[in-house]
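A.B. asks: Here you go, my_file_16.cif (mmCIF, C-alpha atoms):
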data_model
#
loop_
_atom_site.label_atom_id
_atom_site.label_comp_id
_atom_site.auth_asym_id
_atom_site.auth_seq_id
_atom_site.Cartn_x
_atom_site.Cartn_y
_atom_site.Cartn_z
CA MET A 1 -150.86 58.63 -33.62
CA ARG A 2 -148.94 55.38 -33.14
CA CYS A 3 -145.15 55.54 -33.31
CA PRO A 4 -143.89 53.54 -36.33
CA PHE A 5 -140.71 52.63 -34.42
CA CYS A 6 -141.89 51.39 -31.02
CA GLY A 7 -145.68 51.23 -31.43
CA ASN A 8 -146.41 53.61 -28.56
CA ASP A 9 -149.72 55.50 -28.89
CA ASP A 10 -148.44 58.62 -27.14
CA THR A 11 -146.81 60.98 -29.67
CA GLN A 12 -146.52 64.73 -29.72
CA VAL A 13 -146.91 67.11 -32.68
CA LYS A 14 -143.81 69.32 -32.96
CA ASP A 15 -144.66 71.22 -36.15
CA SER A 16 -147.66 71.48 -38.52
CA ARG A 17 -147.77 73.15 -41.90
CA PRO A 18 -149.69 72.79 -45.15
CA THR A 19 -148.05 71.00 -48.06
CA GLU A 20 -147.00 73.08 -51.08
CA ASP A 21 -150.24 72.41 -52.94
CA ASN A 22 -152.40 72.94 -49.81
CA THR A 23 -154.09 69.53 -50.14
CA ALA A 24 -152.67 68.08 -46.94
CA ILE A 25 -151.22 69.00 -43.56
CA ARG A 26 -147.65 67.85 -42.87
CA ARG A 27 -147.02 67.12 -39.20
CA ARG A 28 -143.63 66.47 -37.60
CA ARG A 29 -144.15 64.22 -34.59
CA SER A 30 -142.05 62.95 -31.74
CA CYS A 31 -142.62 59.76 -29.75
CA LEU A 32 -142.68 60.37 -26.00
CA ALA A 33 -141.54 56.79 -25.27
CA CYS A 34 -138.55 56.26 -27.60
CA GLY A 35 -137.87 59.85 -28.75
CA ALA A 36 -138.04 58.96 -32.47
CA ARG A 37 -139.22 61.64 -34.91
CA PHE A 38 -141.43 61.00 -37.92
CA THR A 39 -143.70 62.81 -40.35
CA THR A 40 -147.40 62.23 -41.00
CA PHE A 41 -149.69 63.71 -43.65
CA GLU A 42 -153.33 64.51 -43.01
CA ARG A 43 -155.71 64.77 -45.99
CA VAL A 44 -159.36 65.67 -46.25
CA GLN A 45 -161.52 62.72 -47.25
CA LEU A 46 -164.88 63.74 -48.64
CA ARG A 47 -166.44 60.27 -48.58
CA GLU A 48 -165.57 56.63 -48.12
CA LEU A 49 -164.96 55.14 -51.55
CA THR A 50 -165.16 51.46 -52.40
CA VAL A 51 -163.54 50.04 -55.52
CA VAL A 52 -165.43 47.28 -57.31
CA LYS A 53 -162.87 45.03 -59.00
CA ARG A 54 -163.40 43.01 -62.18
CA ASN A 55 -164.26 39.91 -60.13
CA ASN A 56 -166.89 41.96 -58.19
CA GLN A 57 -164.71 41.99 -55.07
CA ARG A 58 -165.12 45.23 -53.11
CA VAL A 59 -162.12 46.86 -51.46
CA PRO A 60 -161.65 50.29 -49.86
CA PHE A 61 -160.14 52.89 -52.20
CA ASP A 62 -156.44 53.37 -51.44
CA ARG A 63 -154.86 56.62 -52.62
CA ASP A 64 -151.42 55.22 -51.85
CA LYS A 65 -152.00 52.32 -54.26
CA VAL A 66 -152.78 54.80 -57.03
CA ALA A 67 -149.66 56.78 -56.12
CA ARG A 68 -147.47 53.64 -56.15
CA SER A 69 -148.78 52.62 -59.58
CA VAL A 70 -148.12 56.07 -61.01
CA MET A 71 -144.64 56.21 -59.43
CA ILE A 72 -143.76 52.85 -61.01
CA ALA A 73 -144.97 54.07 -64.41
CA THR A 74 -143.00 57.34 -64.15
CA ARG A 75 -139.82 55.84 -62.66
CA LYS A 76 -136.66 57.14 -64.35
CA ARG A 77 -138.72 59.54 -66.47
CA PRO A 78 -138.14 63.32 -66.52
CA VAL A 79 -141.47 64.05 -64.80
CA ASP A 80 -141.77 66.63 -62.05
CA PRO A 81 -142.96 64.87 -58.85
CA GLU A 82 -145.13 67.90 -58.09
CA ARG A 83 -147.03 67.40 -61.37
CA VAL A 84 -147.50 63.73 -60.50
CA GLU A 85 -148.88 64.67 -57.07
CA ARG A 86 -151.26 67.21 -58.64
CA MET A 87 -152.45 64.56 -61.09
CA ILE A 88 -153.11 62.06 -58.28
CA ASN A 89 -154.91 64.70 -56.21
CA GLY A 90 -157.05 65.56 -59.23
CA ILE A 91 -157.99 61.91 -59.75
CA VAL A 92 -158.92 61.48 -56.07
CA ARG A 93 -160.92 64.72 -56.08
CA GLN A 94 -162.74 63.65 -59.24
CA LEU A 95 -163.63 60.27 -57.72
CA GLU A 96 -164.76 61.78 -54.40
CA SER A 97 -166.89 64.44 -56.06
CA SER A 98 -168.55 61.98 -58.47
CA GLY A 99 -171.33 61.36 -55.96
CA GLU A 100 -170.81 57.61 -56.09
CA SER A 101 -169.59 55.62 -53.09
CA GLU A 102 -168.71 52.62 -55.27
CA ILE A 103 -166.43 53.05 -58.25
CA SER A 104 -165.23 50.45 -60.72
CA SER A 105 -161.54 49.61 -60.96
CA LYS A 106 -161.93 50.21 -64.70
CA ASN A 107 -162.97 53.81 -64.01
CA VAL A 108 -159.96 54.35 -61.73
CA GLY A 109 -157.60 52.82 -64.31
CA GLU A 110 -159.01 54.96 -67.13
CA LEU A 111 -158.60 58.14 -65.05
CA ILE A 112 -154.97 57.21 -64.32
CA MET A 113 -154.31 56.48 -68.00
CA GLU A 114 -155.87 59.79 -69.00
CA GLY A 115 -153.67 61.63 -66.49
CA LEU A 116 -150.52 59.81 -67.59
CA ALA A 117 -151.28 60.46 -71.26
CA ASN A 118 -151.12 64.19 -70.49
CA LEU A 119 -148.04 63.78 -68.27
CA ASP A 120 -145.62 61.47 -70.12
CA PRO A 121 -146.20 59.19 -73.15
CA VAL A 122 -143.74 56.52 -71.97
CA ALA A 123 -145.32 56.36 -68.50
CA TYR A 124 -148.70 56.12 -70.22
CA VAL A 125 -147.60 53.10 -72.27
CA ARG A 126 -145.95 51.49 -69.22
CA PHE A 127 -149.13 51.78 -67.17
CA ALA A 128 -151.31 50.65 -70.07
CA SER A 129 -149.17 47.55 -70.58
CA VAL A 130 -149.95 46.38 -67.06
CA TYR A 131 -153.50 47.73 -66.83
CA ARG A 132 -154.55 46.26 -70.17
CA ASN A 133 -152.49 43.12 -69.54
CA PHE A 134 -150.32 43.09 -72.67
CA ARG A 135 -149.08 39.54 -73.33
CA GLU A 136 -147.04 39.86 -76.52
CA ALA A 137 -144.96 42.44 -78.37
CA LYS A 138 -147.73 42.86 -80.93
CA ASP A 139 -150.01 44.11 -78.11
CA PHE A 140 -147.55 46.97 -77.58
CA GLU A 141 -147.30 47.54 -81.31
CA THR A 142 -151.09 47.73 -81.71
CA PHE A 143 -151.46 50.04 -78.71
CA VAL A 144 -148.62 52.39 -79.66
CA GLY A 145 -149.82 52.40 -83.28
CA GLY A 146 -153.20 53.65 -82.07
CA LEU A 147 -151.75 56.59 -80.16
CA SER A 148 -152.85 60.01 -81.35
CA GLY A 149 -152.96 63.54 -79.99
CA ASP A 150 -156.47 62.94 -78.58
CA PRO A 151 -156.46 61.04 -75.23
CA GLU A 152 -160.13 60.11 -75.76
CA GLN A 153 -159.17 57.89 -78.72
CA LYS A 154 -156.61 55.92 -76.72
#
Represent the supplied structure as structure tokens.
C.D. replies:
Amino acid sequence: MRCPFCGNDDTQVKDSRPTEDNTAIRRRRSCLACGARFTTFERVQLRELTVVKRNNQRVPFDRDKVARSVMIATRKRPVDPERVERMINGIVRQLESSGESEISSKNVGELIMEGLANLDPVAYVRFASVYRNFREAKDFETFVGGLSGDPEQK
């Protein structure tokens, strides 16, 4: 593992333990060149996923991009970070177990919206406003007016 501070390839694992939800291994590492300490996370990847964007561009699936989007949507909301992490893990597991190696960005976005609808209504609307590209206040009004207790109707 390359040291993020000095770039040296020679690092040593000091401690390994599973994360709280047992979906990753947390490793504390030390660089043998500069002595810096840092943490890495190791996750199981069932298959290589490719996201097909709206313009037909193909990019590798990036779990961190999903996590960043969800974190932005839930910022300053009373949402337990552990629930957010479980939601993201569930989305990734669902995509990996779908049997498809190529997934549409629309499918990823809909899964995130479904998860956020069950997590926090404000985060759901925040994400939807970017994902569905709201341009005017009436877009929000129409979307929020269509909200119901059933996430399938959203």
A.B. asks: Take the PyMOL selection byres ((chain A and resi 120) around 10), apply it to the structure above, and return the hits as a list of chain:residue names.
C.D. replies: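 Against this file, the PyMOL selection byres ((chain A and resi 120) around 10) returns the residues A:Ala73, A:Thr74, A:Arg77, A:Pro78, A:Val79, A:Gly115, A:Leu116, A:Ala117, A:Asn118, A:Leu119, A:Pro121, A:Val122, A:Ala123, A:Tyr124, A:Val125.
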A.B. asks: May I ask for the distance between CA of Asp62 in chain A and CA of Cys3 in chain A, given in Å to one decimal place?
C.D. replies: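 Computing it gives 21.5 Å between the two atoms.
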A.B. asks: Could you check the closest approach to Ser129 in chain A for each of A:Ala24, A:Phe143, A:Thr39, A:Lys65 and tell me which residue wins, using all atoms listed in the file?
C.D. replies: A:Phe143
A.B. asks: For the structure shown, which residues end up in the PyMOL selection byres ((chain A and resi 84) around 9)? Put them as a list in words, please?
C.D. replies: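 Applying the expression gives Ala67, Val70, Met71, Thr74, Val79, Asp80, Pro81, Glu82, Arg83, Glu85, Arg86, Met87, Ile88, Asn89, Gly115, Leu116 and Leu119 of chain A.
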A.B. asks: Give one line per residue of range 36-136 of chain A that approaches range 6-17 of chain A to at most 10 Å, naming the two atoms of the closest pair and their distance in Å to one decimal, counting all atoms listed in the file; sort by chain then ascending residue number and deliver it as a Markdown table.
C.D. replies:
| residue | atom | partner | partner_atom | distance |
| --- | --- | --- | --- | --- |
| A:Ala36 | CA | A:Cys6 | CA | 8.6 |
| A:Arg37 | CA | A:Lys14 | CA | 9.2 |
| A:Phe38 | CA | A:Val13 | CA | 9.7 |
| A:Thr39 | CA | A:Val13 | CA | 9.4 |
| A:Thr40 | CA | A:Ser16 | CA | 9.6 |
| A:Phe41 | CA | A:Ser16 | CA | 9.5 |
A.B. asks: Just give me the gap between CA of Thr19 in chain A and CA of Ser69 in chain A in Å, one decimal is fine.
C.D. replies: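 CA of Ser69 in chain A lies at a distance of 21.7 Å from CA of Thr19 in chain A.
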A.B. asks: Would you work out the distance separating CA of Glu48 in chain A from CA of Ile25 in chain A, expressed in Å to one decimal?
C.D. replies: 19.5 Å
A.B. asks: If the PyMOL selection byres ((chain A and resi 52) around 7) is run on the structure shown, which residues does it catch, given as a JSON list (two decimals) with C-alpha atoms, in the frame of the given file?
C.D. replies:
[["chain", "number", "residue", "atom", "x", "y", "z"],
["A", 50, "THR", "CA", -165.16, 51.46, -52.40],
["A", 51, "VAL", "CA", -163.54, 50.04, -55.52],
["A", 53, "LYS", "CA", -162.87, 45.03, -59.00],
["A", 54, "ARG", "CA", -163.40, 43.01, -62.18],
["A", 56, "ASN", "CA", -166.89, 41.96, -58.19],
["A", 57, "GLN", "CA", -164.71, 41.99, -55.07],
["A", 58, "ARG", "CA", -165.12, 45.23, -53.11],
["A", 59, "VAL", "CA", -162.12, 46.86, -51.46],
["A", 102, "GLU", "CA", -168.71, 52.62, -55.27],
["A", 103, "ILE", "CA", -166.43, 53.05, -58.25],
["A", 104, "SER", "CA", -165.23, 50.45, -60.72],
["A", 105, "SER", "CA", -161.54, 49.61, -60.96]]
A.B. asks: Rank nothing, just name the residue among A:Gly109, A:Val92, A:Gly99, A:Asn133 nearest to Val44 in chain A, using only C-alpha atoms.
C.D. replies: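 Counting only C-alpha atoms, the residue closest to Val44 in chain A is A:Val92.
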